[in-house]
>>> print(open('query_9.cif').read())   # mmCIF, C-alpha atoms and all ligand atoms
data_work
loop_
_atom_site.label_atom_id
_atom_site.label_comp_id
_atom_site.auth_asym_id
_atom_site.auth_seq_id
_atom_site.Cartn_x
_atom_site.Cartn_y
_atom_site.Cartn_z
CA MET A 4 -21.79 19.48 4.11
CA LEU A 5 -21.76 18.94 7.84
CA GLY A 6 -22.32 22.20 9.71
CA PRO A 7 -20.79 25.57 8.88
CA VAL A 8 -17.32 25.76 7.38
CA LEU A 9 -14.53 26.43 9.87
CA ARG A 10 -11.54 28.60 9.09
CA LEU A 11 -7.96 27.60 9.75
CA VAL A 12 -4.94 29.87 9.39
CA VAL A 13 -1.78 28.18 8.20
CA LYS A 14 1.60 29.28 9.59
CA ALA A 15 3.68 31.53 7.38
CA GLY A 16 5.86 29.39 5.12
CA LYS A 17 3.74 26.27 5.57
CA GLU A 18 1.10 27.48 3.12
CA ARG A 19 3.49 26.32 0.39
CA LYS A 20 2.69 22.73 1.26
CA LEU A 21 -0.95 23.23 0.34
CA ARG A 22 -0.10 25.41 -2.65
CA ASN A 23 1.99 22.48 -3.89
CA PHE A 24 -0.94 20.08 -3.42
CA TYR A 25 0.39 18.27 -0.36
CA PRO A 26 -2.76 17.54 1.66
CA ASN A 27 -1.54 17.03 5.26
CA LEU A 28 -1.00 19.74 7.85
CA TYR A 29 0.40 18.92 11.28
CA ARG A 30 -0.38 20.63 14.56
CA ASP A 31 2.68 22.88 14.59
CA GLU A 32 1.92 24.08 11.06
CA ILE A 33 -1.35 25.71 12.03
CA ALA A 34 -1.16 29.32 13.24
CA ALA A 35 -4.76 29.64 14.34
CA PRO A 36 -6.77 26.44 14.73
CA PRO A 37 -10.54 26.78 14.45
CA GLU A 38 -12.91 26.30 17.34
CA GLY A 39 -14.53 22.92 16.88
CA VAL A 40 -14.25 20.03 14.49
CA GLY A 41 -15.43 19.72 10.90
CA VAL A 42 -15.07 20.86 7.33
CA ALA A 43 -12.60 23.73 7.26
CA GLU A 44 -11.20 26.19 4.81
CA ALA A 45 -7.44 26.70 5.11
CA VAL A 46 -6.14 30.19 4.43
CA ASP A 47 -2.69 31.79 4.60
CA VAL A 48 -1.79 34.50 7.11
CA GLU A 49 -3.05 37.10 4.63
CA GLY A 50 -6.41 35.34 4.52
CA ARG A 51 -5.94 33.98 0.99
CA PHE A 52 -7.65 30.69 0.14
CA LEU A 53 -5.53 27.52 0.13
CA ALA A 54 -7.71 24.41 0.41
CA VAL A 55 -10.88 22.85 1.79
CA GLY A 56 -10.52 19.87 4.07
CA TYR A 57 -11.40 18.35 7.39
CA TYR A 58 -10.10 19.60 10.74
CA ASP A 59 -10.02 17.39 13.81
CA PRO A 60 -7.32 18.01 16.45
CA ARG A 61 -7.68 14.42 17.75
CA SER A 62 -6.31 13.12 14.47
CA ARG A 63 -2.62 12.38 13.90
CA VAL A 64 -2.96 14.77 10.95
CA PRO A 65 -5.33 17.47 12.23
CA PHE A 66 -6.03 18.95 8.79
CA ARG A 67 -6.33 16.96 5.56
CA ALA A 68 -7.14 18.79 2.36
CA PHE A 69 -9.82 17.26 0.14
CA ARG A 70 -9.82 19.93 -2.54
CA PHE A 71 -7.55 22.76 -3.62
CA ASP A 72 -10.28 24.86 -5.22
CA PRO A 73 -13.03 26.59 -3.25
CA GLY A 74 -16.24 24.60 -2.89
CA PRO A 75 -18.25 22.33 -0.64
CA LEU A 76 -17.53 18.74 0.41
CA ASN A 77 -20.99 17.62 -0.60
CA ARG A 78 -22.43 14.63 -2.39
CA ALA A 79 -21.79 16.14 -5.84
CA PHE A 80 -18.14 16.68 -4.94
CA PHE A 81 -17.71 13.04 -3.95
CA GLN A 82 -19.63 11.85 -7.00
CA GLY A 83 -17.14 13.74 -9.12
CA ARG A 84 -14.19 12.20 -7.32
CA PHE A 85 -15.55 8.64 -7.63
CA ALA A 86 -16.52 9.12 -11.28
CA ARG A 87 -13.00 10.31 -12.05
CA ALA A 88 -11.45 7.39 -10.17
CA LEU A 89 -13.66 4.97 -12.11
CA ARG A 90 -12.88 6.58 -15.47
CA ARG A 91 -9.15 6.33 -14.81
CA ARG A 92 -9.42 2.58 -14.22
CA GLN A 93 -11.29 1.69 -17.36
CA GLY A 94 -9.92 -1.39 -19.06
CA LEU A 95 -8.32 -2.82 -15.93
CA GLY A 96 -10.65 -5.83 -15.74
CA GLU A 97 -13.01 -6.73 -12.93
CA SER A 98 -10.64 -6.40 -9.95
CA TYR A 99 -8.70 -3.25 -9.17
CA ARG A 100 -8.14 -0.57 -6.53
CA LEU A 101 -10.83 1.99 -7.23
CA VAL A 102 -9.80 4.56 -4.63
CA HIS A 103 -6.26 4.97 -3.33
CA GLY A 104 -6.60 7.62 -0.62
CA GLU A 105 -5.13 11.07 -1.11
CA ALA A 106 -3.59 10.16 -4.46
CA ASP A 107 -7.21 9.99 -5.68
CA GLY A 108 -8.15 13.16 -3.83
CA LEU A 109 -9.90 11.18 -1.09
CA PRO A 110 -7.64 11.23 1.98
CA GLY A 111 -8.11 8.27 4.29
CA LEU A 112 -10.29 6.19 1.97
CA VAL A 113 -9.35 2.96 0.22
CA VAL A 114 -11.81 1.09 -1.99
CA ASP A 115 -11.00 -2.15 -3.79
CA ARG A 116 -13.34 -3.49 -6.42
CA PHE A 117 -13.80 -7.21 -6.93
CA GLY A 118 -16.40 -7.45 -9.67
CA GLU A 119 -19.74 -6.42 -8.20
CA VAL A 120 -18.45 -6.17 -4.65
CA LEU A 121 -16.52 -3.30 -3.11
CA VAL A 122 -14.31 -3.67 -0.05
CA LEU A 123 -13.46 -0.43 1.70
CA GLN A 124 -11.30 0.92 4.50
CA VAL A 125 -11.82 4.22 6.26
CA ARG A 126 -8.55 5.33 7.82
CA SER A 127 -9.08 8.93 8.95
CA ARG A 128 -11.40 10.79 11.27
CA GLY A 129 -12.47 13.18 8.50
CA MET A 130 -13.51 10.39 6.13
CA GLU A 131 -15.32 8.67 8.98
CA ALA A 132 -17.21 11.87 9.85
CA LEU A 133 -18.22 12.44 6.22
CA ARG A 134 -19.38 8.85 5.67
CA GLU A 135 -23.01 9.82 5.19
CA VAL A 136 -22.02 12.17 2.41
CA TRP A 137 -19.58 10.02 0.42
CA LEU A 138 -21.06 6.53 0.84
CA PRO A 139 -24.30 7.35 -1.07
CA ALA A 140 -22.17 9.03 -3.75
CA LEU A 141 -20.02 5.91 -4.08
CA LEU A 142 -23.09 3.69 -4.40
CA GLU A 143 -24.59 5.97 -7.02
CA VAL A 144 -21.49 6.13 -9.18
CA VAL A 145 -20.40 2.48 -9.00
CA ALA A 146 -23.75 0.71 -8.38
CA PRO A 147 -22.20 -2.33 -6.68
CA LYS A 148 -24.22 -5.33 -5.51
CA GLY A 149 -22.62 -5.15 -2.11
CA VAL A 150 -20.10 -3.26 -0.01
CA TYR A 151 -17.98 -4.78 2.74
CA GLU A 152 -15.93 -2.80 5.24
CA ARG A 153 -12.57 -3.87 6.65
CA SER A 154 -11.74 -0.82 8.76
CA ASP A 155 -9.58 -2.74 11.19
CA VAL A 156 -6.21 -1.36 10.22
CA GLU A 157 -3.49 0.08 12.43
CA ALA A 158 -3.90 3.54 10.86
CA ARG A 159 -7.45 3.60 12.15
CA ARG A 160 -6.42 2.71 15.68
CA GLN A 161 -3.88 5.53 15.56
CA GLU A 162 -6.75 7.89 14.73
CA GLY A 163 -8.55 6.68 17.85
CA LEU A 164 -11.37 5.23 15.75
CA PRO A 165 -13.09 1.95 16.64
CA GLU A 166 -12.87 -1.02 14.27
CA ARG A 167 -15.68 -1.48 11.77
CA VAL A 168 -15.93 -4.77 9.98
CA GLY A 169 -18.92 -6.17 8.09
CA VAL A 170 -21.42 -5.61 5.33
CA VAL A 171 -22.34 -1.94 4.92
CA TYR A 172 -24.55 -2.29 1.87
CA GLY A 173 -26.40 -4.89 -0.18
CA GLU A 174 -25.33 -8.48 -0.53
CA VAL A 175 -21.83 -9.70 0.05
CA PRO A 176 -20.99 -13.41 -0.05
CA GLU A 177 -19.07 -14.68 2.97
CA VAL A 178 -16.54 -16.11 0.58
CA LEU A 179 -15.76 -13.74 -2.25
CA GLU A 180 -14.53 -15.06 -5.60
CA VAL A 181 -11.62 -12.88 -6.65
CA GLU A 182 -10.62 -13.30 -10.27
CA GLU A 183 -7.25 -12.40 -11.78
CA ASP A 184 -6.27 -13.44 -15.29
CA GLY A 185 -8.22 -16.68 -15.09
CA LEU A 186 -7.18 -17.58 -11.54
CA ARG A 187 -10.02 -17.60 -9.01
CA PHE A 188 -9.39 -17.23 -5.30
CA PRO A 189 -12.18 -18.00 -2.79
CA ILE A 190 -11.47 -15.30 -0.19
CA PRO A 191 -13.31 -15.36 3.16
CA LEU A 192 -13.63 -11.59 3.60
CA ALA A 193 -13.89 -11.53 7.38
CA LEU A 194 -10.70 -13.55 7.86
CA ALA A 195 -8.59 -12.31 4.98
CA GLN A 196 -5.73 -9.81 5.21
CA LYS A 197 -6.36 -6.14 4.42
CA THR A 198 -9.17 -5.84 1.85
CA GLY A 199 -8.80 -9.52 0.92
CA TYR A 200 -6.35 -9.57 -1.95
CA TYR A 201 -3.07 -7.83 -2.88
CA LEU A 202 -4.11 -6.13 -6.09
CA ASP A 203 -0.91 -4.08 -6.12
CA GLN A 204 1.25 -7.05 -7.20
CA ARG A 205 -0.90 -7.78 -10.28
CA GLU A 206 1.54 -6.35 -12.84
CA ASN A 207 4.50 -8.08 -11.20
CA ARG A 208 2.60 -11.35 -11.25
CA ARG A 209 1.99 -10.89 -14.98
CA LEU A 210 5.62 -10.04 -15.64
CA PHE A 211 6.68 -13.05 -13.60
CA GLU A 212 4.35 -15.41 -15.45
CA ALA A 213 5.76 -14.20 -18.76
CA MET A 214 9.30 -14.97 -17.55
CA VAL A 215 8.89 -18.35 -15.85
CA ARG A 216 9.44 -21.46 -17.98
CA PRO A 217 8.15 -25.05 -17.81
CA GLY A 218 10.24 -27.30 -15.61
CA GLU A 219 11.76 -24.42 -13.58
CA ARG A 220 11.58 -24.32 -9.80
CA VAL A 221 9.94 -21.35 -8.08
CA LEU A 222 10.00 -20.35 -4.42
CA ASP A 223 7.19 -17.93 -3.48
CA VAL A 224 8.00 -16.59 0.01
CA TYR A 225 5.32 -14.47 1.72
CA SER A 226 2.95 -16.03 -0.80
CA TYR A 227 -0.40 -15.07 0.76
CA VAL A 228 -2.94 -16.95 -1.45
CA GLY A 229 -0.22 -17.85 -3.96
CA GLY A 230 -0.81 -15.34 -6.74
CA PHE A 231 2.77 -15.93 -7.97
CA ALA A 232 2.99 -19.65 -7.16
CA LEU A 233 -0.20 -20.52 -9.06
CA ARG A 234 0.99 -18.68 -12.15
CA ALA A 235 4.25 -20.63 -11.99
CA ALA A 236 2.33 -23.90 -11.70
CA ARG A 237 0.15 -23.10 -14.67
CA LYS A 238 3.26 -22.43 -16.73
CA GLY A 239 4.41 -25.95 -15.90
CA ALA A 240 6.97 -24.97 -13.25
CA TYR A 241 7.38 -26.53 -9.82
CA ALA A 242 6.19 -24.06 -7.14
CA LEU A 243 6.71 -23.96 -3.39
CA ALA A 244 4.76 -21.34 -1.38
CA VAL A 245 5.72 -20.17 2.13
CA ASP A 246 3.53 -18.07 4.43
CA LYS A 247 2.63 -17.91 8.10
CA ASP A 248 -1.06 -17.31 7.42
CA LEU A 249 -2.78 -20.69 7.48
CA GLU A 250 -6.06 -19.23 6.23
CA ALA A 251 -4.35 -17.79 3.14
CA LEU A 252 -2.61 -21.10 2.44
CA GLY A 253 -6.01 -22.81 2.65
CA VAL A 254 -7.29 -20.47 -0.09
CA LEU A 255 -4.20 -21.27 -2.16
CA ASP A 256 -4.84 -24.97 -1.76
CA GLN A 257 -8.46 -24.63 -2.91
CA ALA A 258 -7.56 -22.41 -5.85
CA ALA A 259 -4.93 -24.93 -6.98
CA LEU A 260 -7.28 -27.88 -6.59
CA ARG A 261 -9.95 -26.26 -8.75
CA LEU A 262 -7.47 -25.67 -11.56
CA GLY A 263 -5.91 -29.09 -11.22
CA LEU A 264 -2.55 -27.47 -10.41
CA ARG A 265 0.01 -28.54 -7.86
CA VAL A 266 1.67 -26.10 -5.49
CA ASP A 267 3.67 -27.32 -2.50
CA ILE A 268 3.02 -25.39 0.70
CA ARG A 269 5.08 -24.67 3.80
CA HIS A 270 3.37 -23.02 6.72
CA GLY A 271 5.82 -21.05 8.84
CA GLU A 272 8.12 -18.11 9.45
CA ALA A 273 9.98 -17.03 6.34
CA LEU A 274 13.60 -16.96 7.59
CA PRO A 275 13.79 -20.29 9.43
CA THR A 276 11.83 -21.94 6.62
CA LEU A 277 14.30 -20.63 4.03
CA ARG A 278 17.19 -21.88 6.17
CA GLY A 279 15.74 -25.39 6.05
CA LEU A 280 15.34 -25.52 2.26
CA GLU A 281 17.62 -26.78 -0.47
CA GLY A 282 17.88 -25.16 -3.89
CA PRO A 283 18.27 -24.47 -6.64
CA PHE A 284 15.27 -22.31 -7.54
CA HIS A 285 15.09 -20.34 -10.79
CA HIS A 286 12.91 -17.67 -9.24
CA VAL A 287 12.83 -16.70 -5.57
CA LEU A 288 10.15 -14.16 -4.62
CA LEU A 289 10.34 -12.17 -1.38
CA ASP A 290 7.25 -10.02 -0.83
CA PRO A 291 7.27 -9.22 2.90
CA PRO A 292 4.53 -7.23 4.68
CA THR A 293 4.95 -3.56 5.63
CA LEU A 294 7.96 -4.23 7.82
CA VAL A 295 8.89 -0.63 8.51
CA LYS A 296 6.15 1.62 9.81
CA ARG A 297 8.45 4.22 11.40
CA PRO A 298 11.82 5.53 10.16
CA GLU A 299 13.61 4.44 13.37
CA GLU A 300 12.77 0.81 12.58
CA LEU A 301 14.69 0.95 9.31
CA PRO A 302 18.22 -0.22 10.32
CA ALA A 303 17.01 -3.33 12.17
CA MET A 304 14.67 -4.20 9.35
CA LYS A 305 17.42 -3.83 6.77
CA ARG A 306 19.56 -6.26 8.79
CA HIS A 307 16.68 -8.74 8.82
CA LEU A 308 16.23 -8.34 5.07
CA VAL A 309 19.94 -8.94 4.47
CA ASP A 310 19.56 -12.25 6.33
CA LEU A 311 16.55 -13.14 4.20
CA VAL A 312 18.17 -12.17 0.92
CA ARG A 313 21.34 -14.09 1.83
CA GLU A 314 19.25 -17.25 2.29
CA ALA A 315 17.34 -16.53 -0.93
CA LEU A 316 20.63 -16.16 -2.83
CA ARG A 317 21.94 -19.39 -1.38
CA LEU A 318 18.89 -21.10 -2.92
CA LEU A 319 19.05 -19.23 -6.24
CA ALA A 320 20.01 -21.14 -9.39
CA GLU A 321 22.73 -19.90 -11.69
CA GLU A 322 21.20 -17.08 -13.78
CA GLY A 323 18.09 -17.30 -11.60
CA PHE A 324 15.94 -14.30 -10.62
CA LEU A 325 15.41 -12.83 -7.18
CA TRP A 326 12.29 -10.68 -6.71
CA LEU A 327 12.52 -8.35 -3.73
CA SER A 328 9.58 -6.09 -2.89
CA SER A 329 9.02 -3.38 -0.31
CA CYS A 330 5.55 -2.06 0.40
CA SER A 331 6.88 0.29 3.12
CA TYR A 332 7.25 3.91 2.15
CA HIS A 333 10.26 4.18 4.48
CA LEU A 334 12.08 1.24 2.90
CA ARG A 335 12.98 2.79 -0.44
CA LEU A 336 14.46 1.45 -3.63
CA GLU A 337 17.94 2.58 -2.51
CA ASP A 338 17.48 0.53 0.66
CA LEU A 339 16.51 -2.55 -1.33
CA LEU A 340 19.59 -2.08 -3.53
CA GLU A 341 21.80 -1.74 -0.46
CA VAL A 342 20.26 -4.81 1.19
CA ALA A 343 20.84 -6.87 -1.96
CA ARG A 344 24.42 -5.60 -2.29
CA ARG A 345 25.22 -6.49 1.34
CA ALA A 346 23.76 -9.99 1.01
CA ALA A 347 25.50 -10.59 -2.34
CA ALA A 348 28.82 -9.46 -0.82
CA ASP A 349 28.44 -11.98 2.02
CA LEU A 350 28.19 -14.79 -0.53
CA GLY A 351 30.57 -13.36 -3.15
CA ARG A 352 27.73 -13.49 -5.64
CA ARG A 353 27.41 -11.11 -8.61
CA LEU A 354 23.97 -9.81 -9.60
CA ARG A 355 22.56 -7.54 -12.23
CA VAL A 356 19.43 -5.44 -11.99
CA HIS A 357 17.02 -6.98 -14.45
CA ARG A 358 14.10 -4.68 -13.74
CA VAL A 359 12.68 -2.21 -11.22
CA THR A 360 8.92 -1.88 -10.99
CA TYR A 361 6.55 0.33 -9.05
CA GLN A 362 2.93 -0.02 -7.98
CA PRO A 363 0.42 -0.25 -10.86
CA GLU A 364 -1.70 2.64 -12.10
CA ASP A 365 -4.76 1.79 -10.01
CA HIS A 366 -2.59 2.63 -6.97
CA PRO A 367 -1.72 6.13 -8.20
CA TRP A 368 1.49 7.88 -7.24
CA SER A 369 1.04 11.62 -6.90
CA LEU A 370 4.13 13.66 -7.64
CA HIS A 371 3.17 15.98 -4.80
CA ILE A 372 2.68 13.27 -2.16
CA PRO A 373 5.93 11.31 -1.72
CA GLU A 374 4.24 8.78 0.61
CA SER A 375 1.90 7.75 -2.19
CA LEU A 376 4.79 5.78 -3.73
CA TYR A 377 4.95 2.73 -1.51
CA LEU A 378 5.52 -0.41 -3.58
CA LYS A 379 8.90 -0.98 -5.18
CA THR A 380 10.15 -4.26 -6.61
CA LEU A 381 13.71 -5.05 -7.51
CA VAL A 382 14.19 -7.96 -9.92
CA LEU A 383 17.78 -9.16 -9.79
CA GLN A 384 19.42 -11.80 -11.92
CA ASP A 385 22.36 -13.90 -10.89
CA ASP A 386 25.29 -12.90 -13.11
CA PRO A 387 27.87 -15.71 -13.04
CA LEU A 388 31.56 -14.85 -13.49
C1 LIG B 401 2.43 -8.39 1.05
S1 LIG B 401 1.73 -9.93 1.49
C2 LIG B 401 2.19 -10.97 0.16
C3 LIG B 401 1.31 -10.88 -1.05
C4 LIG B 401 1.53 -11.95 -2.09
N1 LIG B 401 2.88 -11.98 -2.57
C5 LIG B 401 0.57 -11.82 -3.24
O1 LIG B 401 1.00 -11.68 -4.39
O2 LIG B 401 -0.66 -11.84 -2.99
C6 LIG B 401 2.76 -10.47 2.82
C7 LIG B 401 2.51 -11.88 3.31
O3 LIG B 401 3.53 -12.21 4.26
C8 LIG B 401 3.00 -13.06 5.25
N2 LIG B 401 3.91 -12.96 6.41
C9 LIG B 401 4.07 -11.93 7.25
N3 LIG B 401 5.09 -12.14 8.11
C10 LIG B 401 5.59 -13.37 7.80
C11 LIG B 401 6.65 -14.16 8.32
N4 LIG B 401 7.41 -13.71 9.32
N5 LIG B 401 6.88 -15.36 7.75
C12 LIG B 401 6.10 -15.82 6.74
N6 LIG B 401 5.09 -15.10 6.20
C13 LIG B 401 4.83 -13.91 6.73
C14 LIG B 401 1.60 -12.55 5.47
O4 LIG B 401 0.78 -13.58 5.99
C15 LIG B 401 1.22 -12.12 4.03
O5 LIG B 401 0.51 -13.16 3.40
#
>>> encode(input="query_9.cif", output="structure tokens", more="lines below")
Ligand SMILES: C[S@@+](CC[C@H](N)C(=O)[O-])C[C@H]1O[C@@H](n2cnc3c(N)ncnc32)[C@H](O)[C@@H]1O
Amino acid sequence: MLGPVLRLVVKAGKERKLRNFYPNLYRDEIAAPPEGVGVAEAVDVEGRFLAVGYYDPRSRVPFRAFRFDPGPLNRAFFQGRFARALRRRQGLGESYRLVHGEADGLPGLVVDRFGEVLVLQVRSRGMEALREVWLPALLEVVAPKGVYERSDVEARRQEGLPERVGVVYGEVPEVLEVEEDGLRFPIPLALAQKTGYYLDQRENRRLFEAMVRPGERVLDVYSYVGGFALRAARKGAYALAVDKDLEALGVLDQAALRLGLRVDIRHGEALPTLRGLEGPFHHVLLDPPTLVKRPEELPAMKRHLVDLVREALRLLAEEGFLWLSSCSYHLRLEDLLEVARRAAADLGRRLRVHRVTYQPEDHPWSLHIPESLYLKTLVLQDDPL
């Protein structure tokens, strides 16, 4: 533990947040902030214990709870957390999200595992300050060959933390081989997006591969390295991938070449590219980036999505499937349904909801932390009259 434990008094009424296992406390929810920065015990106005966490008034979230039982934030604590995270992911193969922030009881930390290499992101001041405690614990529990850091996310800038990118432990190849169900992607870690690969779409990619049939036509928009498009190609379908990230499309090209598969590629902005295409496609996938970071951005983003979905529907074959994902917490399932309804109305097209999916189990969704549900996917099928 770093230094003595501080004490923080939570405003009357707000203690219920911590009692209900919600880890974040904002400035105006603290009755008496401690002097200084560091590990802090939160108590209610009667002095009763609530949680142990990290206090730093420079953070967007000045107090984040790490544990809801009394005890230190020492190496043994973190070992326990990592061991539990690992246990819960048994049987998921060689690539998965090992730590998903507060939903794994580790606020501000993301760790993705790609075989013997870990790629991590530190997104909060508390996690950054405790690095020397949790990093050795992580190495001990997982015993990776190498650890790479990609702490260059927006959340980190908002915390006022400098970027950290590079090898933090052991050996990490410059180009990491990421395997998923027999597909292998050569990912250049320094240039890739996020931690290198979107593990959270794995189950959707599997579902998609089970549905696509030989000879069908598939349009994978926002393809990144073509996780969907390559699966379509290996099922004997025609696949066209669209993305604005040239580096990612290069990885897709290499992955396809190695497997002897063909995927057509369009480099460019999604909406104008869609406008220039001709259908029909039996599956159209729309997996945009986190478009909405703040609630006030929602209406404009929904209008943009309606435009996108309208184009996607124009290209959709009779009885074809449209896959619409949102990885923004603020853009909820109801918003996706509304967007689809508005676009369908514009074209007089009838659709049925084939399936709704959520993020897979290695990206846990805590009942007590609404923001931990972020990925929703709506699979719609054209329903001719
Ligand atoms: C959530 S990722 C897609 C992940 C991918 N479906 C997969 O399974 O790995 C979003 C992708 O959208 C791309 N992108 C972002 N804005 C774009 C735009 N305006 N037009 C085209 N692609 C865009 C990014 O480069 C990124 O690869």
>>> atom_distance(input="query_9.cif", atom1="atom CA of Asp248 of chain A", atom2="atom CA of Glu180 of chain A")
18.9 Å
>>> atom_distance(input="query_9.cif", atom1="atom CA of Ala79 of chain A", atom2="atom CA of Val114 of chain A")
18.5 Å
>>> axis_aligned_box(input="query_9.cif", around="segment 51-70 of chain A", padding_each_side="6 Å", output="lines of an AutoDock Vina configuration file")
center_x = -7.0
center_y = 23.2
center_z = 7.6
size_x = 20.8
size_y = 33.6
size_z = 32.3
>>> atom_distance(input="query_9.cif", atom1="atom CA of Ile268 of chain A", atom2="atom C6 of ligand LIG 401 (chain B)")
15.1 Å
>>> closest_atom_pairs(input="query_9.cif", of="segment 128-228 of chain A", to="segment 32-52 of chain A", cutoff="10 Å", atoms="all atoms listed in the file", output="JSON lines")
{"residue": "A:Arg128", "atom": "CA", "partner": "A:Gly41", "partner_atom": "CA", "distance": 9.8}
{"residue": "A:Gly129", "atom": "CA", "partner": "A:Gly41", "partner_atom": "CA", "distance": 7.6}
{"residue": "A:Ala132", "atom": "CA", "partner": "A:Gly41", "partner_atom": "CA", "distance": 8.1}
{"residue": "A:Leu133", "atom": "CA", "partner": "A:Val42", "partner_atom": "CA", "distance": 9.1}
>>> closest_residue(input="query_9.cif", among="A:Val287, A:Ala158, A:Leu319, A:Val171", to="ligand LIG 401 (chain B)", atoms="all atoms listed in the file")
A:Val287
>>> closest_residue(input="query_9.cif", among="A:Met130, A:Leu101, A:Met304, A:Leu354", to="Phe324 of chain A", atoms="all atoms listed in the file")
A:Leu354
>>> residues_around(input="query_9.cif", residues="Phe71 of chain A", least_positions_apart="2", cutoff="9 Å", atoms="all atoms listed in the file", output="PyMOL selection string")
chain A and resi 21-22+24+26+52-56+68-69+73-74
>>> closest_residue(input="query_9.cif", among="A:Gly239, A:Pro292, A:Pro176, A:Gly96", to="ligand LIG 401 (chain B)", atoms="only C-alpha atoms and all ligand atoms")
A:Pro292
>>> residues_near_ligand(input="query_9.cif", ligand="ligand LIG 401 (chain B)", cutoff="6 Å", atoms="only C-alpha atoms and all ligand atoms", output="ChimeraX atom specification")
/A:201,204,225-228,230-231,246-248,271-273,290-292
>>> write_last_selection(input="query_9.cif", atoms="C-alpha atoms", output="PDB file, keeping the file's coordinate frame")
ATOM      1  CA  TYR A 201      -3.070  -7.830  -2.880  1.00  0.00           C
ATOM      2  CA  GLN A 204       1.250  -7.050  -7.200  1.00  0.00           C
ATOM      3  CA  TYR A 225       5.320 -14.470   1.720  1.00  0.00           C
ATOM      4  CA  SER A 226       2.950 -16.030  -0.800  1.00  0.00           C
ATOM      5  CA  TYR A 227      -0.400 -15.070   0.760  1.00  0.00           C
ATOM      6  CA  VAL A 228      -2.940 -16.950  -1.450  1.00  0.00           C
ATOM      7  CA  GLY A 230      -0.810 -15.340  -6.740  1.00  0.00           C
ATOM      8  CA  PHE A 231       2.770 -15.930  -7.970  1.00  0.00           C
ATOM      9  CA  ASP A 246       3.530 -18.070   4.430  1.00  0.00           C
ATOM     10  CA  LYS A 247       2.630 -17.910   8.100  1.00  0.00           C
ATOM     11  CA  ASP A 248      -1.060 -17.310   7.420  1.00  0.00           C
ATOM     12  CA  GLY A 271       5.820 -21.050   8.840  1.00  0.00           C
ATOM     13  CA  GLU A 272       8.120 -18.110   9.450  1.00  0.00           C
ATOM     14  CA  ALA A 273       9.980 -17.030   6.340  1.00  0.00           C
ATOM     15  CA  ASP A 290       7.250 -10.020  -0.830  1.00  0.00           C
ATOM     16  CA  PRO A 291       7.270  -9.220   2.900  1.00  0.00           C
ATOM     17  CA  PRO A 292       4.530  -7.230   4.680  1.00  0.00           C
TER      18      PRO A 292
END
